[in-house]
Amino acid sequence: MISGKTNVLAIIGNPVEHSLSPCMQNAALKELGLDYVYLAFPVREESLAEALTGFTALGIKGANVTIPHKINALNYMDELHESAEKVGAVNTIKNDSGELIGFNTDGEGMLRSLRNEVSEIESKSVLLLGAGGAARAIGFSIVEAGASLTISNRTASKAKKLAETISGQTKGDVRQVELSKKVLIDEIKNSDILINATSVGMEPNTDETLVSADMMHSDLIVNDIVYKPLKTKLLEEAEKAGAKTIDGLGMLVHQGATSLEIWTGEKAPIKVMRKATENAIKEE
Ligand code: ATR
C-alpha cells in the first residue's frame with residue numbers, strides 16, 4: 001500500500017515511457033517488502049537542473065538517469081562515485097540526506113551478468129564491439145576485472161581513443177582493431193568472450209549483425225547488450241555456431257540490481273527482476 005510514508009525512486013529521461021526499469025524495480029521492491037515506489041518522469045534536456053533540484057526538495061531517495069541526461073547529470077552531482085567519474089556518465093543517483101551522489105552501474109552490471117555464466121574472468125580475452133557510452137562502461141569493468149580487452153568499432157578513431165583512455169587509467173591490457181570481417185574472424189579465433197555494445201540488431205533492424213555463425217566457434221561466449229528483440233540476430237548466429245549466449249537482459253537486470261542495492265542496502269532479487277522484465281517486454 002502506498003501511504004504517507006512511502007519512499008519515492010525515479011527514472012528520468014526522454015523518452016522514458018518504454019523503460020523497463022519501473023516494472024523491474026517495483027517487482028524487486030515488492031519482493032523485498034520495502035515501502036518504496038519507483039516512477040518514470042519524462043524530463044526535457046533544458047529541465048534537468050530543475051528536476052534534480054526538485055529531487056532534493058521533494059526528498060526523492062534515488063533515481064536512474066537515462067538518455068539524454070547521462071552525461072549532463074555529472075554537472076549537478078554534489079559528489080561523484082569513481083564509477084561515474086571514470087565513465088564520464090551517471091546512470092544512478094542516490095539522495096544522501098540532500099546530497100546527490102552520482103554512480104554508474106552499467107559496468108558493474110555487465111560484470112555481474114558475465115560472472116553468472118563465466119568463471120575466472122581475469123583469464124579471459126574479451127572482444128568488445130562498439131565505442132559509445134555503453135562500451136566505455138563495459139570496457140573499464142572488463143579490464144578492472146583483469147581480463148584482456150580488444151575494442152573494435154565502425155569509427156576506428158573512437159575505438160583507438162577509448163582503448164587509450166582505458167589503458168591509461170587502468171594500466172590494463174587494451175588493444176584496438178579494425179572492424180572488418182577479415183580482422184574479426186582472426187580476433188574471434190583468439191577470444192573467449194564477444195560482447196556487442198553497438199546498437200546493431202536493435203529493432204527495427206533485427207536482421208543485422210556484425211558477426212555471423214561462420215565467424216564464431218563453440219567455445220565462445222557471446223553477450224549482446226541489445227534486448228529488443230531478446231534473441232538478436234547475433235545471438236541466433238551464435239547458437240548456430242554452438243556458442244554460449246547471454247542476452248541483453250543480463251546487463252540490464254544486473255545494472256538495475258546494483259542501483260537498487262545502492263539505494264536500499266538490500267540484496268536485489270535477481271530472478272524476480274528478470275521475470276518482471278521479460279513479462280514487460282512480452283506485453284509491449
Ligand atoms: P550507447 O550509449 O548505447 O553506447 P552510442 O554512444 O550512440 O550509444 O554508441 C553506439 C555504438 O553503436 C557506437 O559504437 C556506433 O559506432 P560509431 O562509433 O561508428 O558510430 C555503433 N553503431 C551504431 N550503428 C552501427 C552500425 N550500423 N554498424 C556498426 N556500428 C554501429
# chains A, B, ... in the order shown; residues from 1 in each chain; ligands from 1
>>> closest_atom_pairs(of="chain A", to="ligand 1", cutoff="7 Å", atoms="only C-alpha atoms and all ligand atoms", output="Markdown table")
| residue | atom | partner | partner_atom_place_in_ligand_line | distance |
| --- | --- | --- | --- | --- |
| A:Gly130 | CA | ligand 1 | 14 (O) | 3.5 |
| A:Ala131 | CA | ligand 1 | 14 (O) | 4.1 |
| A:Gly132 | CA | ligand 1 | 6 (O) | 3.3 |
| A:Gly133 | CA | ligand 1 | 2 (O) | 3.7 |
| A:Ala134 | CA | ligand 1 | 4 (O) | 3.8 |
| A:Ala135 | CA | ligand 1 | 4 (O) | 5.6 |
| A:Asn153 | CA | ligand 1 | 14 (O) | 5.6 |
| A:Arg154 | CA | ligand 1 | 19 (O) | 3.9 |
| A:Thr155 | CA | ligand 1 | 19 (O) | 3.7 |
| A:Lys158 | CA | ligand 1 | 18 (O) | 6.1 |
| A:Ala197 | CA | ligand 1 | 4 (O) | 6.2 |
| A:Thr198 | CA | ligand 1 | 12 (O) | 3.3 |
| A:Ser199 | CA | ligand 1 | 12 (O) | 4.6 |
| A:Val200 | CA | ligand 1 | 25 (C) | 5.3 |
>>> residues_around(residues="stretch 272-274 of chain A", least_positions_apart="2", cutoff="9 Å", atoms="only C-alpha atoms", output="ChimeraX atom specification")
/A:23-28,31,249-250,252-254,256-257,268-270,276-279
>>> residues_around(residues="A:Ser3", least_positions_apart="2", cutoff="10 Å", atoms="only C-alpha atoms", output="PDB file with C-alpha atoms, in the first residue's frame")
ATOM      1  CA  MET A   1       0.000   0.000   0.000  1.00  0.00           C
ATOM      2  CA  LYS A   5       5.500   7.321   4.446  1.00  0.00           C
ATOM      3  CA  THR A   6       6.224   5.665   1.091  1.00  0.00           C
ATOM      4  CA  ASN A   7       9.658   6.483  -0.320  1.00  0.00           C
ATOM      5  CA  ASP A  35       7.894   0.761   1.367  1.00  0.00           C
ATOM      6  CA  TYR A  36       9.108   2.326  -1.892  1.00  0.00           C
TER       7      TYR A  36
END
>>> residues_around(residues="stretch 66-74 of chain A", least_positions_apart="4", cutoff="8 Å", atoms="only C-alpha atoms", output="PyMOL selection string")
chain A and resi 11-16+45+48+80+84+88-91+102
>>> residues_around(residues="A:Lys182", least_positions_apart="3", cutoff="12 Å", atoms="only C-alpha atoms", output="ChimeraX atom specification")
/A:177-179,185-189,210-211,214-215
>>> closest_atom_pairs(of="stretch 144-241 of chain A", to="stretch 113-121 of chain A", cutoff="12 Å", atoms="only C-alpha atoms", output="tab-separated table")
residue	atom	partner	partner_atom	distance
A:Glu144	CA	A:Ile121	CA	10.3
A:Ala145	CA	A:Ile121	CA	6.8
A:Gly146	CA	A:Ile121	CA	7.1
A:Ala147	CA	A:Ile121	CA	5.9
A:Ser148	CA	A:Ile121	CA	9.3
A:Leu149	CA	A:Ile121	CA	11.3
A:Asp192	CA	A:Ile121	CA	9.5
A:Ile193	CA	A:Val118	CA	9.3
A:Leu194	CA	A:Leu114	CA	11.1
A:Ile195	CA	A:Leu114	CA	10.2
A:Asp219	CA	A:Val118	CA	11.5
A:Leu220	CA	A:Val118	CA	10.8
A:Ile221	CA	A:Val118	CA	8.4
A:Val222	CA	A:Leu114	CA	10.0
A:Asn223	CA	A:Leu114	CA	8.3
A:Asp224	CA	A:Leu114	CA	11.2
A:Ile225	CA	A:Ser113	CA	10.7
>>> atom_distance(atom1="atom CA of A:Ala238", atom2="atom CA of A:Val226")
14.4 Å
>>> residues_around(residues="A:His18", least_positions_apart="5", cutoff="10 Å", atoms="only C-alpha atoms", output="ChimeraX atom specification")
/A:40,280-281,284
>>> select_by_dssp(residues="stretch 69-109 of chain A", states="strand (DSSP E)", output="MDAnalysis selection string")
chainID A and resid 79:80 92:96 99:103
>>> select_by_dssp(residues="stretch 47-238 of chain A", states="helix (DSSP H, G or I)", output="VMD selection string")
chain A and resid 47 to 58 72 to 76 82 to 87 106 to 117 121 to 123 133 to 144 156 to 170 181 to 189 213 to 215 233 to 238
>>> residues_around(residues="A:Ala137", least_positions_apart="4", cutoff="6 Å", atoms="only C-alpha atoms", output="list in words")
Val87, Asp106 and Gly107 of chain A
>>> write_last_selection(atoms="N, CA and C atoms", output="PDB file, in the first residue's frame")
ATOM      1  N   VAL A  87      33.775   6.758 -16.153  1.00  0.00           N
ATOM      2  CA  VAL A  87      32.984   6.539 -17.361  1.00  0.00           C
ATOM      3  C   VAL A  87      32.520   7.882 -17.948  1.00  0.00           C
ATOM      4  N   ASP A 106      26.475   0.554 -14.977  1.00  0.00           N
ATOM      5  CA  ASP A 106      26.467  -0.229 -16.225  1.00  0.00           C
ATOM      6  C   ASP A 106      27.608  -1.256 -16.272  1.00  0.00           C
ATOM      7  N   GLY A 107      28.803  -0.818 -15.922  1.00  0.00           N
ATOM      8  CA  GLY A 107      29.966  -1.709 -15.989  1.00  0.00           C
ATOM      9  C   GLY A 107      29.835  -2.848 -14.988  1.00  0.00           C
TER      10      GLY A 107
END
